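Participant: My structure is stored as data_5.pdb, with PDB, C-alpha atoms.
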```
MODEL        1
ATOM      1  CA  MET A   1      83.617 120.074  73.160  1.00  0.00           C
ATOM      2  CA  SER A   2      86.637 119.560  75.432  1.00  0.00           C
ATOM      3  CA  TYR A   3      85.069 117.732  78.311  1.00  0.00           C
ATOM      4  CA  ILE A   4      84.379 114.281  79.711  1.00  0.00           C
ATOM      5  CA  SER A   5      80.891 113.055  78.798  1.00  0.00           C
ATOM      6  CA  ARG A   6      81.156 109.595  80.377  1.00  0.00           C
ATOM      7  CA  ILE A   7      83.375 108.128  83.044  1.00  0.00           C
ATOM      8  CA  SER A   8      83.848 104.610  84.279  1.00  0.00           C
ATOM      9  CA  LEU A   9      86.093 103.085  86.899  1.00  0.00           C
ATOM     10  CA  ASP A  10      87.636  99.696  86.358  1.00  0.00           C
ATOM     11  CA  ASP A  11      87.425  98.474  89.921  1.00  0.00           C
ATOM     12  CA  SER A  12      86.937  94.808  89.042  1.00  0.00           C
ATOM     13  CA  ASN A  13      90.005  93.752  91.035  1.00  0.00           C
ATOM     14  CA  LEU A  14      89.200  95.870  94.082  1.00  0.00           C
ATOM     15  CA  PRO A  15      87.351  95.032  97.278  1.00  0.00           C
ATOM     16  CA  PRO A  16      83.825  96.438  97.571  1.00  0.00           C
ATOM     17  CA  PRO A  17      83.871 100.067  98.736  1.00  0.00           C
ATOM     18  CA  THR A  18      82.610 101.141 102.132  1.00  0.00           C
ATOM     19  CA  PRO A  19      79.313 103.059 102.089  1.00  0.00           C
ATOM     20  CA  GLU A  20      81.235 106.325 102.643  1.00  0.00           C
ATOM     21  CA  ILE A  21      83.640 105.602  99.773  1.00  0.00           C
ATOM     22  CA  ASP A  22      80.769 104.578  97.502  1.00  0.00           C
ATOM     23  CA  GLN A  23      78.941 107.834  98.280  1.00  0.00           C
ATOM     24  CA  GLU A  24      82.105 109.903  97.579  1.00  0.00           C
ATOM     25  CA  ARG A  25      82.456 108.083  94.260  1.00  0.00           C
ATOM     26  CA  LYS A  26      78.854 108.694  93.197  1.00  0.00           C
ATOM     27  CA  VAL A  27      79.010 112.387  94.100  1.00  0.00           C
ATOM     28  CA  ALA A  28      82.359 112.864  92.311  1.00  0.00           C
ATOM     29  CA  ILE A  29      81.085 111.196  89.126  1.00  0.00           C
ATOM     30  CA  PHE A  30      77.826 113.154  89.180  1.00  0.00           C
ATOM     31  CA  ASP A  31      79.616 116.471  89.770  1.00  0.00           C
ATOM     32  CA  LEU A  32      82.268 115.682  87.173  1.00  0.00           C
ATOM     33  CA  LEU A  33      79.699 114.925  84.478  1.00  0.00           C
ATOM     34  CA  GLU A  34      77.709 118.053  85.357  1.00  0.00           C
ATOM     35  CA  SER A  35      80.700 120.324  84.783  1.00  0.00           C
ATOM     36  CA  ASN A  36      84.276 119.619  83.735  1.00  0.00           C
ATOM     37  CA  SER A  37      87.015 120.829  81.457  1.00  0.00           C
ATOM     38  CA  PHE A  38      89.302 118.280  79.821  1.00  0.00           C
ATOM     39  CA  THR A  39      91.454 119.186  76.839  1.00  0.00           C
ATOM     40  CA  LEU A  40      94.002 117.053  75.045  1.00  0.00           C
ATOM     41  CA  PRO A  41      96.889 119.100  73.653  1.00  0.00           C
ATOM     42  CA  ALA A  42      98.263 118.684  70.137  1.00  0.00           C
ATOM     43  CA  ARG A  43     101.063 116.139  69.853  1.00  0.00           C
ATOM     44  CA  ASP A  44     103.768 116.222  67.218  1.00  0.00           C
ATOM     45  CA  GLU A  45     101.834 119.059  65.606  1.00  0.00           C
ATOM     46  CA  ALA A  46      98.832 116.784  65.111  1.00  0.00           C
ATOM     47  CA  ALA A  47      95.505 117.848  66.547  1.00  0.00           C
ATOM     48  CA  PRO A  48      93.991 115.386  69.018  1.00  0.00           C
ATOM     49  CA  PRO A  49      90.668 113.723  68.270  1.00  0.00           C
ATOM     50  CA  LYS A  50      87.796 116.058  69.088  1.00  0.00           C
ATOM     51  CA  GLY A  51      85.864 115.565  72.309  1.00  0.00           C
ATOM     52  CA  PRO A  52      83.730 115.075  74.203  1.00  0.00           C
ATOM     53  CA  TYR A  53      85.630 112.172  75.687  1.00  0.00           C
ATOM     54  CA  GLN A  54      84.758 108.976  77.472  1.00  0.00           C
ATOM     55  CA  LEU A  55      87.206 108.190  80.263  1.00  0.00           C
ATOM     56  CA  GLU A  56      87.985 104.889  81.899  1.00  0.00           C
ATOM     57  CA  LEU A  57      90.145 105.170  85.003  1.00  0.00           C
ATOM     58  CA  SER A  58      91.938 102.105  86.286  1.00  0.00           C
ATOM     59  CA  ILE A  59      94.995 100.909  88.124  1.00  0.00           C
ATOM     60  CA  ARG A  60      97.132  98.500  86.130  1.00  0.00           C
ATOM     61  CA  ASP A  61     100.579  97.273  87.106  1.00  0.00           C
ATOM     62  CA  ARG A  62     100.687  99.790  89.962  1.00  0.00           C
ATOM     63  CA  ARG A  63     100.012 102.687  87.595  1.00  0.00           C
ATOM     64  CA  LEU A  64      97.026 104.974  87.210  1.00  0.00           C
ATOM     65  CA  VAL A  65      95.651 104.612  83.685  1.00  0.00           C
ATOM     66  CA  PHE A  66      93.603 107.230  81.842  1.00  0.00           C
ATOM     67  CA  ASP A  67      92.031 105.589  78.783  1.00  0.00           C
ATOM     68  CA  LEU A  68      90.199 108.096  76.601  1.00  0.00           C
ATOM     69  CA  THR A  69      87.993 107.549  73.590  1.00  0.00           C
ATOM     70  CA  THR A  70      85.713 109.851  71.666  1.00  0.00           C
ATOM     71  CA  GLU A  71      81.969 109.362  71.763  1.00  0.00           C
ATOM     72  CA  GLY A  72      82.404 107.626  68.399  1.00  0.00           C
ATOM     73  CA  LYS A  73      84.689 105.059  70.136  1.00  0.00           C
ATOM     74  CA  VAL A  74      87.866 106.391  68.476  1.00  0.00           C
ATOM     75  CA  LYS A  75      90.936 106.055  70.712  1.00  0.00           C
ATOM     76  CA  ALA A  76      91.854 109.599  71.781  1.00  0.00           C
ATOM     77  CA  ALA A  77      94.697 108.953  74.235  1.00  0.00           C
ATOM     78  CA  GLU A  78      95.966 106.648  76.921  1.00  0.00           C
ATOM     79  CA  PHE A  79      98.431 107.632  79.561  1.00  0.00           C
ATOM     80  CA  HIS A  80      99.854 105.888  82.579  1.00  0.00           C
ATOM     81  CA  LEU A  81     100.868 107.782  85.704  1.00  0.00           C
ATOM     82  CA  SER A  82     102.980 106.506  88.552  1.00  0.00           C
ATOM     83  CA  LEU A  83     101.020 106.195  91.782  1.00  0.00           C
ATOM     84  CA  GLY A  84     104.080 107.198  93.807  1.00  0.00           C
ATOM     85  CA  PRO A  85     103.407 110.955  93.814  1.00  0.00           C
ATOM     86  CA  PHE A  86      99.833 110.302  95.008  1.00  0.00           C
ATOM     87  CA  ARG A  87     100.554 107.845  97.826  1.00  0.00           C
ATOM     88  CA  GLN A  88     101.127 110.261 100.702  1.00  0.00           C
ATOM     89  CA  VAL A  89      98.361 112.693  99.780  1.00  0.00           C
ATOM     90  CA  VAL A  90      95.871 109.819  99.327  1.00  0.00           C
ATOM     91  CA  LYS A  91      96.903 108.382 102.708  1.00  0.00           C
ATOM     92  CA  ASP A  92      96.518 111.805 104.349  1.00  0.00           C
ATOM     93  CA  TYR A  93      93.169 112.315 102.641  1.00  0.00           C
ATOM     94  CA  PHE A  94      91.792 108.987 103.888  1.00  0.00           C
ATOM     95  CA  GLN A  95      92.979 109.704 107.424  1.00  0.00           C
ATOM     96  CA  ILE A  96      91.343 113.117 107.514  1.00  0.00           C
ATOM     97  CA  CYS A  97      88.149 111.742 105.941  1.00  0.00           C
ATOM     98  CA  GLU A  98      88.012 109.074 108.639  1.00  0.00           C
ATOM     99  CA  SER A  99      88.399 111.785 111.282  1.00  0.00           C
ATOM    100  CA  TYR A 100      85.694 113.829 109.599  1.00  0.00           C
ATOM    101  CA  PHE A 101      83.202 110.940 109.431  1.00  0.00           C
ATOM    102  CA  GLU A 102      83.796 110.222 113.132  1.00  0.00           C
ATOM    103  CA  ALA A 103      83.577 113.910 114.055  1.00  0.00           C
ATOM    104  CA  VAL A 104      80.155 114.405 112.496  1.00  0.00           C
ATOM    105  CA  LYS A 105      78.820 111.783 114.889  1.00  0.00           C
ATOM    106  CA  THR A 106      79.930 113.427 118.116  1.00  0.00           C
ATOM    107  CA  LEU A 107      81.734 116.771 117.841  1.00  0.00           C
ATOM    108  CA  PRO A 108      80.262 120.281 117.831  1.00  0.00           C
ATOM    109  CA  PRO A 109      79.959 122.127 114.498  1.00  0.00           C
ATOM    110  CA  SER A 110      83.012 124.347 115.116  1.00  0.00           C
ATOM    111  CA  GLN A 111      85.315 121.324 115.443  1.00  0.00           C
ATOM    112  CA  ILE A 112      83.724 119.605 112.448  1.00  0.00           C
ATOM    113  CA  GLU A 113      84.322 122.756 110.397  1.00  0.00           C
ATOM    114  CA  THR A 114      88.014 122.786 111.364  1.00  0.00           C
ATOM    115  CA  ILE A 115      88.433 119.165 110.269  1.00  0.00           C
ATOM    116  CA  ASP A 116      86.511 119.853 107.063  1.00  0.00           C
ATOM    117  CA  MET A 117      88.818 122.785 106.237  1.00  0.00           C
ATOM    118  CA  ALA A 118      91.830 120.494 106.655  1.00  0.00           C
ATOM    119  CA  ARG A 119      90.132 117.877 104.490  1.00  0.00           C
ATOM    120  CA  ARG A 120      89.542 120.440 101.725  1.00  0.00           C
ATOM    121  CA  GLY A 121      93.177 121.550 101.949  1.00  0.00           C
ATOM    122  CA  ILE A 122      94.461 118.005 101.454  1.00  0.00           C
ATOM    123  CA  HIS A 123      91.959 117.492  98.639  1.00  0.00           C
ATOM    124  CA  ASN A 124      93.259 120.639  96.929  1.00  0.00           C
ATOM    125  CA  GLU A 125      96.814 119.328  97.278  1.00  0.00           C
ATOM    126  CA  GLY A 126      95.802 116.062  95.599  1.00  0.00           C
ATOM    127  CA  ALA A 127      94.176 118.006  92.761  1.00  0.00           C
ATOM    128  CA  ARG A 128      97.355 120.073  92.338  1.00  0.00           C
ATOM    129  CA  VAL A 129      99.481 116.904  92.164  1.00  0.00           C
ATOM    130  CA  LEU A 130      97.131 115.498  89.522  1.00  0.00           C
ATOM    131  CA  GLN A 131      97.335 118.660  87.427  1.00  0.00           C
ATOM    132  CA  GLU A 132     101.144 118.509  87.617  1.00  0.00           C
ATOM    133  CA  ARG A 133     101.202 114.827  86.618  1.00  0.00           C
ATOM    134  CA  LEU A 134      98.890 115.492  83.663  1.00  0.00           C
ATOM    135  CA  ASN A 135     100.974 118.436  82.438  1.00  0.00           C
ATOM    136  CA  GLY A 136     101.598 117.961  78.718  1.00  0.00           C
ATOM    137  CA  LYS A 137      99.092 115.097  78.547  1.00  0.00           C
ATOM    138  CA  ALA A 138      95.819 116.866  79.344  1.00  0.00           C
ATOM    139  CA  ASP A 139      94.695 120.255  80.568  1.00  0.00           C
ATOM    140  CA  ILE A 140      92.107 120.251  83.338  1.00  0.00           C
ATOM    141  CA  ASP A 141      90.705 122.972  85.541  1.00  0.00           C
ATOM    142  CA  GLU A 142      90.850 122.913  89.336  1.00  0.00           C
ATOM    143  CA  GLN A 143      87.326 121.565  89.878  1.00  0.00           C
ATOM    144  CA  THR A 144      87.855 118.771  87.365  1.00  0.00           C
ATOM    145  CA  ALA A 145      91.151 117.922  89.074  1.00  0.00           C
ATOM    146  CA  ARG A 146      89.426 117.807  92.487  1.00  0.00           C
ATOM    147  CA  ARG A 147      86.734 115.432  91.251  1.00  0.00           C
ATOM    148  CA  LEU A 148      89.220 113.201  89.436  1.00  0.00           C
ATOM    149  CA  PHE A 149      91.378 113.122  92.572  1.00  0.00           C
ATOM    150  CA  THR A 150      88.383 111.797  94.511  1.00  0.00           C
ATOM    151  CA  LEU A 151      88.017 109.000  91.954  1.00  0.00           C
ATOM    152  CA  ILE A 152      91.736 108.242  92.156  1.00  0.00           C
ATOM    153  CA  CYS A 153      91.329 107.902  95.913  1.00  0.00           C
ATOM    154  CA  VAL A 154      88.464 105.452  95.376  1.00  0.00           C
ATOM    155  CA  LEU A 155      90.648 103.357  93.089  1.00  0.00           C
ATOM    156  CA  HIS A 156      93.687 103.693  95.329  1.00  0.00           C
ATOM    157  CA  PHE A 157      91.575 102.565  98.301  1.00  0.00           C
ATOM    158  CA  GLY A 158      91.589  99.056  96.931  1.00  0.00           C
ATOM    159  CA  GLY A 159      94.737  99.247  94.847  1.00  0.00           C
TER     160      GLY A 159
ENDMDL
END
```
Could you render the structure as structure tokens?
Facilitator:
Amino acid sequence: MSYISRISLDDSNLPPPTPEIDQERKVAIFDLLESNSFTLPARDEAAPPKGPYQLELSIRDRRLVFDLTTEGKVKAAEFHLSLGPFRQVVKDYFQICESYFEAVKTLPPSQIETIDMARRGIHNEGARVLQERLNGKADIDEQTARRLFTLICVLHFGG
């Protein structure tokens, strides 16, 4: 029962996403809901509310906000993370994605594959940073971290 069953992005203050960003967002949400692992650790020796959890991701006051409730609408947790540790990796990720989207239009498969490998490497780095930032707040596996990092990028795009 330690997983995310519903996810929403509060992007009300952001510009509309590009078609590429919108597609990345849809795929990340779909994949995340298909399979994820999200566990809240005990705090002060008290067990956290049981999942599954509903997650709202947003950026407020230049901070990434994870707002979690149970399916019964009971507040499970809320934590705010500084965007600072994500800035460079998000910037690098957007640059390599832009290169990738351009490459698929004109370059041969071998060059596209090289760019895609670099893109995956940067994506993995972003997921690692997220796991580090969530340490002690939530435990997530690598695939969940990768998908959440994609959603952070979507929010950061306009934030």
Participant: For the structure provided, state which residues fall under the PyMOL selection byres ((chain A and resi 68-84) around 7), and present them as a list in words.
Facilitator: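 Going through the file, the PyMOL selection byres ((chain A and resi 68-84) around 7) ends up selecting Pro48, Pro49, Gly51, Pro52, Tyr53, Gln54, Leu55, Glu56, Arg62, Arg63, Leu64, Val65, Phe66, Asp67, Pro85, Phe86 and Arg87 of chain A.
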Participant: Which distance in Å separates CA of Phe30 in chain A and CA of Gly126 in chain A, to one decimal?
Facilitator: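 We find that CA of Phe30 in chain A and CA of Gly126 in chain A lie 19.3 Å from each other.
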Participant: Just the number, please: distance in Å from CA of Lys105 in chain A to CA of Thr150 in chain A, one decimal.
Facilitator: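 Atom-to-atom, CA of Lys105 in chain A and CA of Thr150 in chain A are spaced 22.5 Å apart.
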Participant: Please write as a VMD selection string the full residue list that the PyMOL selection byres ((chain A and resi 110-121) around 8) yields on this file.
Facilitator: chain A and resid 93 96 to 97 99 to 100 103 to 104 107 to 109 122 to 125
Participant: Take the selection from the previous step and output its residues with C-alpha atoms, as a PDB file, in the frame of the given file.
Facilitator:
```
ATOM      1  CA  TYR A  93      93.169 112.315 102.641  1.00  0.00           C
ATOM      2  CA  ILE A  96      91.343 113.117 107.514  1.00  0.00           C
ATOM      3  CA  CYS A  97      88.149 111.742 105.941  1.00  0.00           C
ATOM      4  CA  SER A  99      88.399 111.785 111.282  1.00  0.00           C
ATOM      5  CA  TYR A 100      85.694 113.829 109.599  1.00  0.00           C
ATOM      6  CA  ALA A 103      83.577 113.910 114.055  1.00  0.00           C
ATOM      7  CA  VAL A 104      80.155 114.405 112.496  1.00  0.00           C
ATOM      8  CA  LEU A 107      81.734 116.771 117.841  1.00  0.00           C
ATOM      9  CA  PRO A 108      80.262 120.281 117.831  1.00  0.00           C
ATOM     10  CA  PRO A 109      79.959 122.127 114.498  1.00  0.00           C
ATOM     11  CA  ILE A 122      94.461 118.005 101.454  1.00  0.00           C
ATOM     12  CA  HIS A 123      91.959 117.492  98.639  1.00  0.00           C
ATOM     13  CA  ASN A 124      93.259 120.639  96.929  1.00  0.00           C
ATOM     14  CA  GLU A 125      96.814 119.328  97.278  1.00  0.00           C
TER      15      GLU A 125
END
```
Participant: Provide the CA of Arg128 in chain A to CA of Thr18 in chain A distance in Å, to one decimal place.
Facilitator: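 It comes out at 25.9 Å.
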Participant: Using the chain letters and numbers from the file, give me the residues hit by the PyMOL selection byres ((chain A and resi 141) around 12), as an mmCIF file with C-alpha atoms, keeping the file's coordinate frame.
Facilitator:
```cif
data_model
loop_
_atom_site.group_PDB
_atom_site.id
_atom_site.type_symbol
_atom_site.label_atom_id
_atom_site.label_comp_id
_atom_site.auth_asym_id
_atom_site.auth_seq_id
_atom_site.Cartn_x
_atom_site.Cartn_y
_atom_site.Cartn_z
ATOM 1 C CA SER A 2 86.637 119.560 75.432
ATOM 2 C CA TYR A 3 85.069 117.732 78.311
ATOM 3 C CA LEU A 32 82.268 115.682 87.173
ATOM 4 C CA SER A 35 80.700 120.324 84.783
ATOM 5 C CA ASN A 36 84.276 119.619 83.735
ATOM 6 C CA SER A 37 87.015 120.829 81.457
ATOM 7 C CA PHE A 38 89.302 118.280 79.821
ATOM 8 C CA THR A 39 91.454 119.186 76.839
ATOM 9 C CA ASN A 124 93.259 120.639 96.929
ATOM 10 C CA ALA A 127 94.176 118.006 92.761
ATOM 11 C CA ARG A 128 97.355 120.073 92.338
ATOM 12 C CA LEU A 130 97.131 115.498 89.522
ATOM 13 C CA GLN A 131 97.335 118.660 87.427
ATOM 14 C CA GLU A 132 101.144 118.509 87.617
ATOM 15 C CA LEU A 134 98.890 115.492 83.663
ATOM 16 C CA ASN A 135 100.974 118.436 82.438
ATOM 17 C CA ALA A 138 95.819 116.866 79.344
ATOM 18 C CA ASP A 139 94.695 120.255 80.568
ATOM 19 C CA ILE A 140 92.107 120.251 83.338
ATOM 20 C CA GLU A 142 90.850 122.913 89.336
ATOM 21 C CA GLN A 143 87.326 121.565 89.878
ATOM 22 C CA THR A 144 87.855 118.771 87.365
ATOM 23 C CA ALA A 145 91.151 117.922 89.074
ATOM 24 C CA ARG A 146 89.426 117.807 92.487
ATOM 25 C CA ARG A 147 86.734 115.432 91.251
ATOM 26 C CA LEU A 148 89.220 113.201 89.436
#
```
Participant: Of the candidates A:Ser8, A:His156, A:Gly136, A:Pro41, which one gets nearest to Lys91 in chain A if we count all atoms listed in the file?
Facilitator: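 Comparing A:Ser8, A:His156, A:Gly136, A:Pro41 against Lys91 in chain A, the winner is A:His156.
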Participant: From the options A:Leu9, A:Ile152, A:Ile21, A:Pro16, which residue's atoms come nearest to Phe101 in chain A, counting all atoms listed in the file?
Facilitator: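 For Phe101 in chain A, the nearest of the given residues is A:Ile21.
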Participant: Between A:Lys50, A:Val129, A:Phe94, A:Leu151, which one has atoms that come closest to Asp31 in chain A, using only C-alpha atoms?
Facilitator: A:Leu151
Participant: Between A:Lys26, A:Asn13, A:Val89, A:Glu45, which residue has the minimum interatomic distance to Cys153 in chain A, considering all atoms listed in the file?
Facilitator: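 Nearest to Cys153 in chain A: A:Val89.
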Participant: The centre and edge lengths of an axis-aligned box containing all atoms of range 128-143 of chain A present in the file, extended by 8 Å on each side, are to be given in Å to one decimal, as AutoDock Vina command-line options.
Facilitator:
```
--center_x 94.5 --center_y 118.9 --center_z 85.4 --size_x 30.3 --size_y 24.1 --size_z 29.8
```
Participant: Pick out the closest residue to Pro17 in chain A from this set: A:Leu57, A:Ile4, A:Val154, A:Ala47. Count only C-alpha atoms.
Facilitator: A:Val154
Participant: Select, from A:Pro19, A:Ser5, A:Asp10, A:Ile59, the residue with the minimum atom-to-atom distance to Glu34 in chain A, counting all atoms listed in the file.
Facilitator: A:Ser5
